[in-house]
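Asks: Structure file protein.txt, compact mmCIF, C-alpha atoms, is pasted below:
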# COMPACT_ATOMS: atom_id res chain seq x y z
CA MET A 15 0.00 0.00 0.00
CA HIS A 16 1.25 3.48 -0.79
CA LEU A 17 1.88 5.78 2.15
CA SER A 18 3.87 8.98 2.24
CA SER A 19 7.11 8.73 4.18
CA GLY A 20 5.73 11.22 6.72
CA THR A 21 2.76 8.99 7.51
CA ARG A 22 5.04 5.97 7.64
CA TRP A 23 7.26 7.67 10.22
CA MET A 24 4.28 8.76 12.29
CA LEU A 25 3.09 5.15 12.37
CA ARG A 26 6.57 3.93 13.33
CA LEU A 27 6.68 6.52 16.10
CA GLY A 28 3.25 5.48 17.42
CA THR A 29 4.28 1.82 17.32
CA ALA A 30 7.51 2.60 19.16
CA LEU A 31 5.68 4.61 21.82
CA THR A 32 3.18 1.81 22.47
CA LEU A 33 5.97 -0.76 22.69
CA CYS A 34 7.89 1.47 25.12
CA PHE A 35 4.75 1.78 27.26
CA LEU A 36 4.45 -2.02 27.29
CA TYR A 37 8.09 -2.78 28.07
CA LEU A 38 9.51 0.02 30.24
CA PRO A 39 7.70 -1.08 33.43
CA LEU A 40 8.89 -4.65 32.90
CA LEU A 41 12.43 -3.37 32.41
CA VAL A 42 12.21 -1.31 35.59
CA ILE A 43 11.01 -4.23 37.70
CA ALA A 44 13.76 -6.43 36.20
CA LEU A 45 16.37 -3.82 37.23
CA TYR A 46 15.03 -3.76 40.79
CA ALA A 47 15.84 -7.48 41.02
CA PHE A 48 19.49 -6.36 41.31
CA ASN A 49 18.76 -3.65 43.88
CA GLU A 50 21.24 -3.75 46.74
CA ARG A 51 18.76 -2.28 49.23
CA ARG A 52 15.30 -3.42 50.16
CA VAL A 53 13.86 0.06 49.74
CA GLN A 54 12.69 0.68 46.18
CA THR A 55 14.22 4.05 45.35
CA TRP A 56 15.51 5.45 42.09
CA PRO A 57 18.29 5.68 41.09
CA ILE A 58 19.18 2.22 42.39
CA PRO A 59 21.95 2.77 45.00
CA GLY A 60 23.98 -0.31 44.09
CA PHE A 61 23.80 -3.61 42.30
CA THR A 62 23.89 -7.05 43.84
CA LEU A 63 23.17 -10.67 42.92
CA GLU A 64 22.15 -11.40 46.51
CA TRP A 65 18.49 -12.01 45.69
CA PHE A 66 19.30 -14.46 42.94
CA GLU A 67 21.65 -16.31 45.30
CA LYS A 68 18.92 -16.45 47.94
CA ARG A 69 16.49 -17.64 45.32
CA SER A 70 18.68 -20.66 44.57
CA THR A 71 20.09 -21.47 48.04
CA ILE A 72 17.28 -21.00 50.57
CA PRO A 73 15.38 -24.29 50.48
CA ALA A 74 11.96 -22.70 50.87
CA CYS A 75 12.62 -20.52 47.84
CA ALA A 76 14.55 -23.02 45.74
CA ARG A 77 11.41 -24.93 45.03
CA PRO A 78 8.56 -22.97 43.45
CA CYS A 79 7.07 -20.93 46.26
CA MET B 9 -16.71 -66.03 20.68
CA GLY B 10 -14.48 -64.14 23.20
CA PRO B 11 -15.69 -61.37 25.49
CA GLY B 12 -13.55 -58.78 23.63
CA LEU B 13 -15.33 -59.47 20.40
CA ASP B 14 -18.66 -59.11 22.19
CA GLY B 15 -17.65 -55.65 23.39
CA ASP B 16 -16.58 -54.63 19.89
CA GLN B 17 -19.89 -55.75 18.54
CA GLY B 18 -21.77 -53.77 21.18
CA LEU B 19 -19.67 -50.72 20.38
CA SER B 20 -20.28 -50.91 16.65
CA GLN B 21 -23.96 -51.52 17.30
CA SER B 22 -24.30 -48.41 19.45
CA ALA B 23 -22.20 -46.51 16.94
CA SER B 24 -24.55 -47.36 14.10
CA TYR B 25 -27.51 -46.66 16.40
CA LEU B 26 -26.16 -43.17 17.01
CA HIS B 27 -25.27 -42.72 13.38
CA ARG B 28 -28.93 -43.05 12.48
CA ARG B 29 -29.92 -40.46 15.10
CA PRO B 30 -27.89 -37.28 14.55
CA ARG B 31 -30.05 -35.31 17.02
CA LEU B 32 -29.34 -37.73 19.85
CA GLN B 33 -25.67 -37.65 18.90
CA LEU B 34 -25.65 -33.86 19.16
CA ALA B 35 -27.54 -33.91 22.46
CA LEU B 36 -25.03 -36.35 23.98
CA LEU B 37 -22.09 -34.29 22.70
CA LEU B 38 -23.43 -30.99 24.04
CA SER B 39 -24.91 -32.17 27.32
CA GLY B 40 -21.54 -32.04 29.12
CA PRO B 41 -20.39 -28.52 28.21
CA VAL B 42 -23.90 -27.02 28.27
CA GLY B 43 -24.59 -28.65 31.63
CA TRP B 44 -21.35 -27.17 32.97
CA LEU B 45 -22.26 -23.73 31.62
CA VAL B 46 -25.75 -23.82 33.11
CA VAL B 47 -24.82 -25.22 36.51
CA ALA B 48 -21.46 -23.60 37.23
CA TYR B 49 -21.81 -20.33 35.35
CA LEU B 50 -25.46 -19.36 35.05
CA GLY B 51 -26.15 -21.15 38.33
CA SER B 52 -23.74 -18.97 40.27
CA LEU B 53 -25.13 -15.87 38.56
CA ALA B 54 -28.64 -16.93 39.57
CA VAL B 55 -27.52 -17.42 43.18
CA LEU B 56 -25.97 -13.95 43.06
CA PHE B 57 -29.24 -12.42 41.90
CA VAL B 58 -31.28 -14.25 44.51
CA ALA B 59 -28.88 -13.27 47.30
CA ALA B 60 -29.10 -9.62 46.21
CA PHE B 61 -32.71 -9.57 47.44
CA TRP B 62 -31.92 -11.01 50.85
CA HIS B 63 -30.95 -8.68 53.64
CA LEU B 64 -28.92 -8.55 56.81
CA ASP B 65 -30.81 -8.22 60.06
CA SER B 66 -29.25 -5.14 61.64
CA PHE B 67 -29.61 -6.42 65.20
CA THR B 68 -28.57 -10.03 64.92
CA SER B 69 -26.34 -9.79 61.81
CA VAL B 70 -28.09 -12.87 60.47
CA ILE B 71 -28.93 -13.07 56.79
CA VAL B 72 -32.72 -12.99 56.36
CA LYS B 73 -33.67 -14.98 53.29
CA ASP B 74 -36.75 -12.97 52.43
CA TYR B 75 -37.42 -10.97 49.31
CA SER B 76 -36.81 -7.26 49.89
CA LEU B 77 -35.36 -4.29 48.05
CA GLN B 78 -33.46 -3.05 51.10
CA ASN B 79 -29.97 -3.47 49.59
CA PHE B 80 -30.88 -1.62 46.43
CA GLU B 81 -32.37 1.20 48.51
CA THR B 82 -29.11 1.41 50.46
CA LEU B 83 -27.13 1.54 47.22
CA VAL B 84 -29.30 4.17 45.56
CA GLN B 85 -29.52 6.38 48.65
CA GLY B 86 -25.86 6.14 49.66
CA ASP B 87 -23.79 8.88 48.04
CA VAL B 88 -20.66 6.84 48.64
CA TYR B 89 -21.93 3.90 46.60
CA ARG B 90 -22.97 6.16 43.75
CA GLN B 91 -19.56 7.82 43.73
CA ILE B 92 -17.81 4.45 43.72
CA ALA B 93 -19.98 3.17 40.85
CA GLN B 94 -19.35 6.38 38.90
CA ARG B 95 -15.61 6.19 39.51
CA THR B 96 -15.49 2.55 38.41
CA VAL B 97 -17.42 3.16 35.20
CA GLY B 98 -15.59 6.44 34.50
CA ILE B 99 -12.14 4.92 34.83
CA ALA B 100 -13.20 1.85 32.83
CA ALA B 101 -14.35 4.17 30.02
CA ALA B 102 -11.15 6.25 30.21
CA VAL B 103 -9.04 3.09 30.09
CA THR B 104 -10.95 1.88 27.03
CA VAL B 105 -10.45 5.16 25.15
CA THR B 106 -6.76 5.29 26.09
CA ASP B 107 -6.15 1.73 24.96
CA ALA B 108 -7.98 2.31 21.68
CA LEU B 109 -5.81 5.37 20.98
CA LEU B 110 -2.62 3.50 21.85
CA ALA B 111 -3.66 0.45 19.84
CA PHE B 112 -4.47 2.19 16.56
CA PRO B 113 -0.97 3.10 15.27
CA ILE B 114 0.64 -0.22 16.18
CA ALA B 115 -2.32 -2.25 14.88
CA PHE B 116 -2.35 -0.34 11.59
CA TYR B 117 1.42 -0.63 11.27
CA MET B 118 1.26 -4.38 11.90
CA ALA B 119 -1.62 -4.99 9.51
CA LYS B 120 -0.74 -2.74 6.59
CA VAL B 121 2.86 -1.52 6.66
CA ALA B 122 5.14 -4.08 8.34
CA THR B 123 6.79 -6.92 6.45
CA PRO B 124 5.52 -10.40 7.43
CA ARG B 125 8.67 -10.91 9.54
CA THR B 126 8.26 -7.64 11.45
CA ARG B 127 4.55 -8.35 11.84
CA ALA B 128 5.27 -11.70 13.52
CA LEU B 129 7.85 -10.05 15.80
CA LEU B 130 5.42 -7.30 16.77
CA ALA B 131 2.65 -9.82 17.47
CA VAL B 132 5.01 -11.66 19.84
CA ALA B 133 6.09 -8.35 21.40
CA VAL B 134 2.47 -7.41 22.10
CA LEU B 135 1.64 -10.83 23.56
CA MET B 136 4.78 -11.23 25.69
CA PRO B 137 3.73 -8.91 28.56
CA LEU B 138 0.74 -11.21 29.13
CA TRP B 139 3.21 -13.82 30.36
CA ALA B 140 4.36 -11.55 33.18
CA SER B 141 2.32 -11.88 36.34
CA TYR B 142 -0.46 -9.38 36.99
CA LEU B 143 0.95 -8.55 40.42
CA VAL B 144 4.50 -8.05 39.14
CA LYS B 145 3.19 -5.53 36.63
CA VAL B 146 1.14 -3.64 39.21
CA TYR B 147 4.09 -3.56 41.62
CA ALA B 148 6.31 -2.34 38.79
CA TRP B 149 3.98 0.64 38.46
CA ARG B 150 3.96 1.09 42.22
CA THR B 151 7.74 1.50 42.22
CA ILE B 152 7.59 3.80 39.18
CA LEU B 153 4.91 6.07 40.65
CA SER B 154 6.09 6.11 44.26
CA GLU B 155 7.43 9.26 45.91
CA GLU B 156 11.04 8.09 45.46
CA GLY B 157 10.26 6.42 42.15
CA ILE B 158 11.64 6.75 38.65
CA LEU B 159 8.88 9.04 37.39
CA ASN B 160 9.40 11.74 40.01
CA TRP B 161 13.15 11.43 39.46
CA ALA B 162 12.72 11.95 35.71
CA LEU B 163 10.27 14.85 36.10
CA SER B 164 12.00 16.74 38.94
CA PRO B 165 14.56 18.52 36.68
CA LEU B 166 11.57 20.01 34.84
CA GLY B 167 10.07 21.18 38.11
CA LEU B 168 7.20 18.69 37.78
CA SER B 169 6.11 15.72 39.81
CA GLY B 170 4.25 12.53 38.89
CA PRO B 171 0.59 11.86 39.67
CA GLY B 172 1.43 9.77 42.74
CA PHE B 173 -1.11 7.19 43.88
CA GLY B 174 -4.77 7.86 43.13
CA ASN B 175 -7.28 7.81 40.31
CA VAL B 176 -4.70 8.80 37.68
CA ALA B 177 -2.45 5.95 38.76
CA THR B 178 -5.38 3.52 38.61
CA TRP B 179 -6.23 4.69 35.10
CA LEU B 180 -2.61 4.38 33.99
CA VAL B 181 -2.10 0.89 35.41
CA PHE B 182 -5.36 -0.45 33.97
CA SER B 183 -4.51 1.05 30.58
CA TYR B 184 -1.17 -0.72 30.81
CA LEU B 185 -2.58 -4.07 31.94
CA TRP B 186 -5.28 -4.45 29.32
CA LEU B 187 -3.54 -2.88 26.31
CA PRO B 188 -2.69 -6.20 24.58
CA TYR B 189 -6.37 -7.18 24.75
CA MET B 190 -7.18 -4.10 22.68
CA ILE B 191 -4.28 -4.30 20.21
CA LEU B 192 -4.99 -7.86 19.06
CA PRO B 193 -8.65 -7.47 17.98
CA VAL B 194 -7.93 -4.09 16.38
CA TYR B 195 -5.02 -5.61 14.47
CA ALA B 196 -7.23 -8.51 13.32
CA GLY B 197 -9.92 -6.02 12.27
CA MET B 198 -7.45 -3.86 10.32
CA GLU B 199 -6.05 -6.88 8.56
CA ARG B 200 -9.51 -7.65 7.21
CA ILE B 201 -9.75 -4.21 5.56
CA PRO B 202 -8.93 -4.83 1.87
CA ASN B 203 -5.84 -2.93 0.66
CA SER B 204 -7.74 -2.09 -2.51
CA LEU B 205 -10.10 0.19 -0.52
CA LEU B 206 -7.18 2.15 0.90
CA ASP B 207 -5.57 2.38 -2.54
CA ALA B 208 -8.86 3.50 -4.07
CA ALA B 209 -9.21 6.24 -1.46
CA GLY B 210 -5.67 7.39 -2.24
CA ASP B 211 -6.26 7.27 -6.01
CA LEU B 212 -9.38 9.38 -5.64
CA GLY B 213 -7.32 12.04 -3.92
CA ALA B 214 -8.05 11.46 -0.25
CA ARG B 215 -5.24 12.50 2.06
CA PRO B 216 -4.14 9.99 4.74
CA GLY B 217 -6.20 11.75 7.42
CA ARG B 218 -9.34 11.59 5.34
CA THR B 219 -8.76 7.96 4.34
CA PHE B 220 -8.36 7.19 8.01
CA ARG B 221 -11.56 8.97 9.07
CA HIS B 222 -13.79 7.77 6.26
CA VAL B 223 -12.41 4.33 5.35
CA VAL B 224 -10.25 2.84 8.10
CA LEU B 225 -12.15 4.08 11.14
CA PRO B 226 -15.66 2.92 10.12
CA LEU B 227 -14.34 -0.48 9.03
CA ALA B 228 -12.22 -0.94 12.14
CA LEU B 229 -14.90 0.26 14.56
CA PRO B 230 -16.44 -3.19 15.23
CA ALA B 231 -12.96 -4.46 16.11
CA VAL B 232 -12.40 -1.54 18.49
CA VAL B 233 -15.73 -2.28 20.15
CA ALA B 234 -14.71 -5.94 20.40
CA GLY B 235 -11.49 -4.91 22.13
CA SER B 236 -13.35 -2.49 24.35
CA ILE B 237 -15.43 -5.37 25.72
CA PHE B 238 -12.21 -6.72 27.25
CA THR B 239 -10.73 -3.44 28.47
CA PHE B 240 -14.05 -2.19 29.86
CA SER B 241 -15.22 -5.37 31.57
CA LEU B 242 -11.80 -6.27 32.97
CA THR B 243 -11.50 -2.81 34.55
CA LEU B 244 -15.08 -2.93 35.81
CA GLY B 245 -14.49 -6.17 37.70
CA ASP B 246 -11.03 -5.51 39.12
CA TYR B 247 -10.32 -4.71 42.76
CA ILE B 248 -6.61 -5.43 43.23
CA THR B 249 -5.11 -2.56 41.23
CA PRO B 250 -7.20 0.19 42.93
CA GLN B 251 -6.10 -1.23 46.26
CA LEU B 252 -2.41 -1.20 45.34
CA VAL B 253 -2.01 2.11 43.52
CA SER B 254 -4.68 4.26 45.15
CA ASN B 255 -6.66 4.54 48.35
CA THR B 256 -9.94 4.92 46.51
CA GLN B 257 -12.43 2.12 46.06
CA PHE B 258 -13.91 0.34 43.06
CA ILE B 259 -17.17 -1.65 43.04
CA GLY B 260 -15.05 -4.79 43.50
CA ASN B 261 -13.46 -3.43 46.68
CA VAL B 262 -16.86 -2.80 48.25
CA VAL B 263 -17.99 -6.30 47.28
CA TYR B 264 -14.80 -7.75 48.74
CA ALA B 265 -15.14 -5.80 51.99
CA ASN B 266 -18.79 -6.77 52.39
CA VAL B 267 -18.21 -10.46 51.77
CA GLY B 268 -15.24 -10.48 54.12
CA VAL B 269 -15.07 -8.01 56.97
CA ALA B 270 -18.63 -6.66 57.05
CA ASN B 271 -20.12 -10.11 56.45
CA ASN B 272 -22.97 -8.51 54.50
CA LEU B 273 -23.24 -10.93 51.62
CA PRO B 274 -26.62 -9.66 50.34
CA LEU B 275 -25.34 -6.08 49.97
CA ALA B 276 -22.23 -7.38 48.19
CA ALA B 277 -24.45 -9.39 45.84
CA ALA B 278 -26.66 -6.36 45.16
CA PHE B 279 -23.66 -4.16 44.34
CA ALA B 280 -22.20 -6.92 42.17
CA THR B 281 -25.31 -6.85 39.99
CA VAL B 282 -24.44 -3.26 38.97
CA PRO B 283 -21.43 -4.19 36.76
CA VAL B 284 -23.37 -7.22 35.46
CA ALA B 285 -26.24 -4.94 34.41
CA ILE B 286 -23.83 -2.44 32.86
CA MET B 287 -22.10 -5.21 30.89
CA VAL B 288 -25.43 -6.60 29.61
CA VAL B 289 -26.33 -3.16 28.23
CA TYR B 290 -22.78 -2.72 26.90
CA LEU B 291 -22.84 -6.09 25.12
CA LEU B 292 -26.24 -5.34 23.57
CA ILE B 293 -24.84 -2.09 22.16
CA ALA B 294 -21.68 -3.90 21.06
CA ARG B 295 -23.77 -6.44 19.19
CA ARG B 296 -25.62 -3.69 17.35
CA LEU B 297 -22.27 -2.23 16.33
CA GLY B 298 -21.23 -5.61 14.90
CA ALA B 299 -18.51 -6.32 17.45
CA PHE B 300 -19.24 -10.04 17.68
CA GLU B 301 -18.36 -10.61 14.04
CA SER B 302 -14.93 -9.19 14.86
CA LEU B 303 -14.07 -11.40 17.81
Just give me the structure as structure tokens.
Replies:
Amino acid sequence: MHLSSGTRWMLRLGTALTLCFLYLPLLVIALYAFNERRVQTWPIPGFTLEWFEKRSTIPACARPC
Amino acid sequence: MGPGLDGDQGLSQSASYLHRRPRLQLALLLSGPVGWLVVAYLGSLAVLFVAAFWHLDSFTSVIVKDYSLQNFETLVQGDVYRQIAQRTVGIAAAVTVTDALLAFPIAFYMAKVATPRTRALLAVAVLMPLWASYLVKVYAWRTILSEEGILNWALSPLGLSGPGFGNVATWLVFSYLWLPYMILPVYAGMERIPNSLLDAAGDLGARPGRTFRHVVLPLALPAVVAGSIFTFSLTLGDYITPQLVSNTQFIGNVVYANVGVANNLPLAAAFATVPVAIMVVYLLIARRLGAFESL
């Protein structure tokens, strides 16, 4: 179908905006998985793998809880 | 003659018996699912309606199983209940409009502009967030919107601050949660619009805006209404998001509180009939607009 390049770019922009809306919150929550502190502030004060370690070592969490 | 052979014979006999009676065959096939629908689904709805006309004895807190309109009087006379119903319906409508606006560009791009490869990728990208847990997504928004959250951090250099928790947050989170349910039907509806119609509009001199208003929009409207059934009804029935990102109440919160803490099941049932009634009217309108052909 023929569309002017302006219209095409507007559509790309709208698509990109909607995708950003869908994915930014998921990205944010994924980042907080590495948060050093238990308080959810931004910017994240420091990064740690502690929670992933706990996830795999504490027996109660190692199995699906 | 062995017993196995006997069984086979019986089976083939009953098979040919059924073959000669297609109506009986159909009845046997449908009795299971229809029975389930009537008992589990319509049955529970019927119990809900009956319970809505019971009332709680104010002295003994015992449910009186007599027919009365007391609950509905309470609901109509109480300003709080009216406000809550208005808020629920208002936010559900706002969410539906927001999702429709957000869905249009991506759905049109997927259906008419993207290459088949990009289209498949976008379809996956739209569906993927549905795999993430509802609660994880709501908590993600909680951290974003909180006082110390990312939104206030991003807006503070501009001298602005985010909406915080409240009705705006509820609207935003619902719009986020149900967006895929709007994009998919709208995309399917746009894909059914023949390219030749769009080309014809262009050949006859219509600018993109005019083609959109007079060709795409009317043809995609049933699909938007189909999507709106999801966004509207899912918002109408939810009670977890309002609890997590605001301190205001939805109809669902009142129902929850009355079933649990207040132990006033009849009032909960009466209030629960409000969204059911709204959805019945909504679905009747949706049917007139041809939404069911687009599902």
Asks: Rank A:Glu64, A:Thr55, A:Tyr46, A:Cys34 by their smallest atom-to-atom distance to chain B, using all atoms listed in the file, and report the top residue only.
Replies: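 Using all atoms listed in the file, the shortest distance to chain B belongs to A:Thr55.
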Asks: Give me the chain A side of the contact with chain B, cut-off 6 Å, one line per residue showing its nearest atom pair and distance in Å at one decimal, counting only C-alpha atoms, sorted by chain and residue number, as a Markdown table.
Replies:
| residue | atom | partner | partner_atom | distance |
| --- | --- | --- | --- | --- |
| A:Leu25 | CA | B:Pro113 | CA | 5.4 |
| A:Gly28 | CA | B:Pro113 | CA | 5.3 |
| A:Thr29 | CA | B:Ile114 | CA | 4.3 |
| A:Pro39 | CA | B:Ala148 | CA | 5.7 |
| A:Ile43 | CA | B:Ala148 | CA | 5.2 |
| A:Thr55 | CA | B:Glu156 | CA | 5.1 |
| A:Trp56 | CA | B:Ile158 | CA | 5.3 |
Asks: Work out how far CA of Met287 (chain B) is from CA of Phe240 (chain B), in Å to one decimal.
Replies: 8.7 Å
Asks: In Å, how far is it from CA of Pro41 (chain B) to CA of Leu53 (chain B)?
Replies: 17.0 Å
Asks: Would you mind listing what lies within 7 Å of Ala60 (chain B) as a list in words, with all atoms listed in the file counted and same-chain residues fewer than 2 positions away left out?
Replies: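 Selected residues are Leu56, Phe57, Val58, Trp62, Pro274, Leu275, Ala277 and Ala278 of chain B.
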Asks: Using C-alpha atoms, can you write the selected residues to a file as a PDB file, in the coordinates of the input?
Replies:
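What landed in part.pdb:
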ATOM      1  CA  LEU B  56     -25.970 -13.950  43.060  1.00  0.00           C
ATOM      2  CA  PHE B  57     -29.240 -12.420  41.900  1.00  0.00           C
ATOM      3  CA  VAL B  58     -31.280 -14.250  44.510  1.00  0.00           C
ATOM      4  CA  TRP B  62     -31.920 -11.010  50.850  1.00  0.00           C
ATOM      5  CA  PRO B 274     -26.620  -9.660  50.340  1.00  0.00           C
ATOM      6  CA  LEU B 275     -25.340  -6.080  49.970  1.00  0.00           C
ATOM      7  CA  ALA B 277     -24.450  -9.390  45.840  1.00  0.00           C
ATOM      8  CA  ALA B 278     -26.660  -6.360  45.160  1.00  0.00           C
TER       9      ALA B 278
END
Asks: Residues at most 9 Å from Ala294 (chain B), counting only C-alpha atoms, excluding those fewer than 3 positions away in the same chain, as number ranges by chain?
Replies: B: 230, 233-234, 237, 289-291, 297-300
Asks: With C-alpha atoms retained, export the selected residues as an mmCIF file, keeping the file's coordinate frame.
Replies:
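File written: out.cif
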data_model
loop_
_atom_site.group_PDB
_atom_site.id
_atom_site.type_symbol
_atom_site.label_atom_id
_atom_site.label_comp_id
_atom_site.auth_asym_id
_atom_site.auth_seq_id
_atom_site.Cartn_x
_atom_site.Cartn_y
_atom_site.Cartn_z
ATOM 1 C CA PRO B 230 -16.440 -3.190 15.230
ATOM 2 C CA VAL B 233 -15.730 -2.280 20.150
ATOM 3 C CA ALA B 234 -14.710 -5.940 20.400
ATOM 4 C CA ILE B 237 -15.430 -5.370 25.720
ATOM 5 C CA VAL B 289 -26.330 -3.160 28.230
ATOM 6 C CA TYR B 290 -22.780 -2.720 26.900
ATOM 7 C CA LEU B 291 -22.840 -6.090 25.120
ATOM 8 C CA LEU B 297 -22.270 -2.230 16.330
ATOM 9 C CA GLY B 298 -21.230 -5.610 14.900
ATOM 10 C CA ALA B 299 -18.510 -6.320 17.450
ATOM 11 C CA PHE B 300 -19.240 -10.040 17.680
#
